[in-house]
Amino acid sequence: MRIATWNINGVKARLETAPAWLAESSPDIVCFQEIKSVDEAFPAEPFERLGYNVVTHGQKGFNGVALLSKLPFDEVTRGLPGDDTDVQSRYIEAVVSTPQGALRVASIYLPNGNPIDTDKFPYKLAWMRRLRAHAASLLALEERTLLCGDYNVIPEPEDCFDPRAWMGDALYQPESRAAWRTLLNDGWTDCLRAVDGRPGRYTFWDYQAGARQKNWGIRIDHILASPQAADRLRGVAIEDHVRDWDKPSDHVPVVGTFDL
DNA sequence: ATGCCTTGTCGCACAAGA
C-alpha cells in the first residue's frame with residue numbers, strides 16, 4: 001500500500017500536473033493540501049477517471065484539503081476537532097478497509113504562522129495544540145493511522161538549506177519545532193526520518209529567486225505514523241522530479257510504502 | 001531590508017503563501 005501527501009497549491013491550476021503524476025505513480029491513497037476550492041467546485045472527474053474516490057473539505061480562495069483513495073471510504077470526518085469557531089478548512093480524516101484491516105488517514109494543512117508578530121503565529125501554535133490533542137485520541141485507538149500533510153514546520157537544521165535564512169520565520173521558530181517534537185514524543189513516527197538519515201531531503205522549493213536551481217529547499221511535508229502503522233513502514237520516496245515539470249506546485253509529493 | 005513567483009479574487013491591484 002502506497003500513501004502520498006502533496007500540497008498542490010490550487011487544484012484548478014494543477015489540472016494537468018496532478019493527474020499526470022497520479023497516472024505515473026499510482027498511489028493507493030492521496031492527501032492533497034491547498035486545494036483552494038469550495039467542495040462544489042472541486043474538479044473530481046479527472047481523478048475519478050484514474051480510479052480514485054474523492055472527498056474534500058474546501059473553502060473559498062485559500063486552504064482546503066482532500067483525500068483520494070482507490071479503496072472506498074468507510075467514514076469521513078471534516079475539520080479538526082477542538083474549536084467550533086475555526087472556519088479555516090485544514091483537516092480531513094477518513095477510514096478505509098484494507099485486506100489487513102482498517103487504515104485511518106488524515107490530510108493536514110497546518111497554518112503557516114507568518115508573520116510571527118501577528119495573530120497568525122499564535123493561531124498556528126493553538127492549532128498545533130489542537131492537533132496534538134486529537135492525535136492523542138487517535139493513538140488511544142491503537143489503530144493503523146497516518147497523519148499526512150504540509151505541517152509548515154522545519155523540524156531540524158538539516159531539513160533546510162540554510163538555517164540562518166529561516167531564523168525569524170514561523171516554520172523554524174523554537175515554539176513551532178517544540179510543538180512538533182511534543183507531537184512526535186507522544187508516539188508518532190516521522191516516516192522519512194525513520195528510513196533516511198541524510199540531510200537535505202527537501203519537499204518544498206520557493207518559486208522565487210531560483211530556489212529550485214540553487215536547491216534552497218526545506219522539508220515541511222511529513223507522514224506521521226501511529227505505532228501500528230510504523231511497524232509496517234517499508235520506505236518513503238520524495239518525488240522531487242515533479243518540481244521540474246511544467247506548471248509545478250512549489251511542494252512535491254511524498255510517498256510512503258507500507259506492508260498493509 | 002525587501003522582493004524575487006504563483007494563485008485566487010465579483011481583479012483592473014492585492015492578499016497569502018513559505
# chains A, B, ... in the order shown; residues from 1 in each chain; ligands from 1
$ residues_around --residues "segment 83-93 of chain A" --least-positions-apart "6" --cutoff "7 Å" --atoms "only C-alpha atoms (C1' of nucleotides)" --output "PyMOL selection string"
chain A and resi 57-59+63-66+76-77+105-110
$ interface_residues --of "chain A" --to "chain B" --cutoff "8 Å" --atoms "only C-alpha atoms (C1' of nucleotides)" --output "ChimeraX atom specification"
/A:9-10,13,36,61-62,112,152,171,206-209
$ write_last_selection --atoms "N, CA and C atoms" --output "PDB file, in the first residue's frame"
ATOM      1  N   ASN A   9      -1.097  23.401  -4.205  1.00  0.00           N
ATOM      2  CA  ASN A   9      -1.178  24.851  -4.430  1.00  0.00           C
ATOM      3  C   ASN A   9      -2.208  25.209  -5.498  1.00  0.00           C
ATOM      4  N   GLY A  10      -3.427  24.776  -5.269  1.00  0.00           N
ATOM      5  CA  GLY A  10      -4.528  25.138  -6.169  1.00  0.00           C
ATOM      6  C   GLY A  10      -4.877  24.022  -7.130  1.00  0.00           C
ATOM      7  N   ALA A  13      -5.303  25.075 -10.849  1.00  0.00           N
ATOM      8  CA  ALA A  13      -4.039  25.376 -11.531  1.00  0.00           C
ATOM      9  C   ALA A  13      -3.214  24.108 -11.772  1.00  0.00           C
ATOM     10  N   LYS A  36      -7.617  25.103  -2.561  1.00  0.00           N
ATOM     11  CA  LYS A  36      -8.103  26.453  -2.904  1.00  0.00           C
ATOM     12  C   LYS A  36      -9.404  26.398  -3.689  1.00  0.00           C
ATOM     13  N   GLY A  61     -11.108  30.282  -2.027  1.00  0.00           N
ATOM     14  CA  GLY A  61      -9.879  31.041  -2.231  1.00  0.00           C
ATOM     15  C   GLY A  61      -8.617  30.475  -1.625  1.00  0.00           C
ATOM     16  N   PHE A  62      -8.693  30.043  -0.378  1.00  0.00           N
ATOM     17  CA  PHE A  62      -7.479  29.618   0.323  1.00  0.00           C
ATOM     18  C   PHE A  62      -7.670  28.230   0.948  1.00  0.00           C
ATOM     19  N   ASN A 112       0.544  28.321   8.377  1.00  0.00           N
ATOM     20  CA  ASN A 112       1.883  28.830   8.109  1.00  0.00           C
ATOM     21  C   ASN A 112       2.424  29.609   9.306  1.00  0.00           C
ATOM     22  N   ASN A 152       4.105  22.729   7.758  1.00  0.00           N
ATOM     23  CA  ASN A 152       4.700  24.064   7.874  1.00  0.00           C
ATOM     24  C   ASN A 152       5.648  24.163   9.070  1.00  0.00           C
ATOM     25  N   LEU A 171       8.067  28.911  10.451  1.00  0.00           N
ATOM     26  CA  LEU A 171       8.306  27.492  10.177  1.00  0.00           C
ATOM     27  C   LEU A 171       9.469  26.919  10.994  1.00  0.00           C
ATOM     28  N   ASP A 206      10.859  27.329  -2.986  1.00  0.00           N
ATOM     29  CA  ASP A 206      10.112  28.543  -3.311  1.00  0.00           C
ATOM     30  C   ASP A 206      10.139  28.810  -4.819  1.00  0.00           C
ATOM     31  N   TYR A 207       9.062  29.407  -5.313  1.00  0.00           N
ATOM     32  CA  TYR A 207       9.031  29.805  -6.722  1.00  0.00           C
ATOM     33  C   TYR A 207      10.046  30.913  -7.008  1.00  0.00           C
ATOM     34  N   GLN A 208      10.413  31.676  -5.965  1.00  0.00           N
ATOM     35  CA  GLN A 208      11.172  32.899  -6.167  1.00  0.00           C
ATOM     36  C   GLN A 208      12.685  32.651  -6.101  1.00  0.00           C
ATOM     37  N   ALA A 209      13.410  33.581  -6.728  1.00  0.00           N
ATOM     38  CA  ALA A 209      14.869  33.690  -6.560  1.00  0.00           C
ATOM     39  C   ALA A 209      15.622  32.439  -7.011  1.00  0.00           C
TER      40      ALA A 209
END
$ atom_distance --atom1 "atom CA of Lys247 of chain A" --atom2 "atom CA of Pro19 of chain A"
12.6 Å
$ select_by_dssp --residues "segment 70-140 of chain A" --states "helix (DSSP H, G or I)" --output "JSON list (two decimals) with C-alpha atoms, in the first residue's frame"
[["chain", "number", "residue", "atom", "x", "y", "z"],
["A", 120, "LYS", "CA", -1.25, 34.25, 12.70],
["A", 121, "PHE", "CA", 1.56, 32.80, 14.82],
["A", 122, "PRO", "CA", -0.48, 32.15, 17.99],
["A", 123, "TYR", "CA", -3.17, 30.68, 15.69],
["A", 124, "LYS", "CA", -0.57, 28.26, 14.35],
["A", 125, "LEU", "CA", 0.56, 27.25, 17.85],
["A", 126, "ALA", "CA", -3.04, 26.85, 19.06],
["A", 127, "TRP", "CA", -3.78, 24.71, 16.01],
["A", 128, "MET", "CA", -0.77, 22.52, 16.83],
["A", 129, "ARG", "CA", -2.08, 22.04, 20.39],
["A", 130, "ARG", "CA", -5.48, 21.02, 18.99],
["A", 131, "LEU", "CA", -3.79, 18.62, 16.57],
["A", 132, "ARG", "CA", -1.79, 17.05, 19.38],
["A", 133, "ALA", "CA", -4.93, 16.52, 21.47],
["A", 134, "HIS", "CA", -6.86, 14.94, 18.60],
["A", 135, "ALA", "CA", -3.85, 12.86, 17.55],
["A", 136, "ALA", "CA", -3.56, 11.54, 21.12],
["A", 137, "SER", "CA", -7.18, 10.37, 20.96],
["A", 138, "LEU", "CA", -6.31, 8.53, 17.74],
["A", 139, "LEU", "CA", -3.26, 6.89, 19.33]]
$ residues_around --residues "Glu16 of chain A" --least-positions-apart "2" --cutoff "10 Å" --atoms "only C-alpha atoms (C1' of nucleotides)" --output "VMD selection string"
chain A and resid 11 to 14 18 to 21 46 246 to 248
$ write_last_selection --atoms "C-alpha atoms" --output "PDB file, in the first residue's frame"
ATOM      1  CA  VAL A  11      -6.368  22.223  -7.782  1.00  0.00           C
ATOM      2  CA  LYS A  12      -7.599  24.270 -10.735  1.00  0.00           C
ATOM      3  CA  ALA A  13      -4.039  25.376 -11.531  1.00  0.00           C
ATOM      4  CA  ARG A  14      -2.867  21.752 -11.315  1.00  0.00           C
ATOM      5  CA  ALA A  18      -1.721  16.463 -10.662  1.00  0.00           C
ATOM      6  CA  PRO A  19      -3.448  13.792 -12.795  1.00  0.00           C
ATOM      7  CA  ALA A  20      -0.209  13.297 -14.739  1.00  0.00           C
ATOM      8  CA  TRP A  21       1.688  12.461 -11.553  1.00  0.00           C
ATOM      9  CA  PRO A  46     -10.048  13.858 -13.765  1.00  0.00           C
ATOM     10  CA  ASP A 246       5.681  22.456 -16.358  1.00  0.00           C
ATOM     11  CA  LYS A 247       3.313  24.308 -14.026  1.00  0.00           C
ATOM     12  CA  PRO A 248       4.624  22.667 -10.836  1.00  0.00           C
TER      13      PRO A 248
END
$ closest_residue --among "A:Arg177, A:Arg243, A:Arg234, A:Arg164" --to "Arg212 of chain A" --atoms "only C-alpha atoms"
A:Arg243
$ residues_around --residues "Arg49 of chain A" --least-positions-apart "3" --cutoff "12 Å" --atoms "only C-alpha atoms (C1' of nucleotides)" --output "list in words"
Pro19, Ala20, Leu22, Ala23, Pro43, Ala44, Glu45, Pro46, Tyr52, Asn53, Val54, Leu68 and Lys70 of chain A
$ atom_distance --atom1 "atom CA of Thr203 of chain A" --atom2 "atom CA of Thr98 of chain A"
28.1 Å
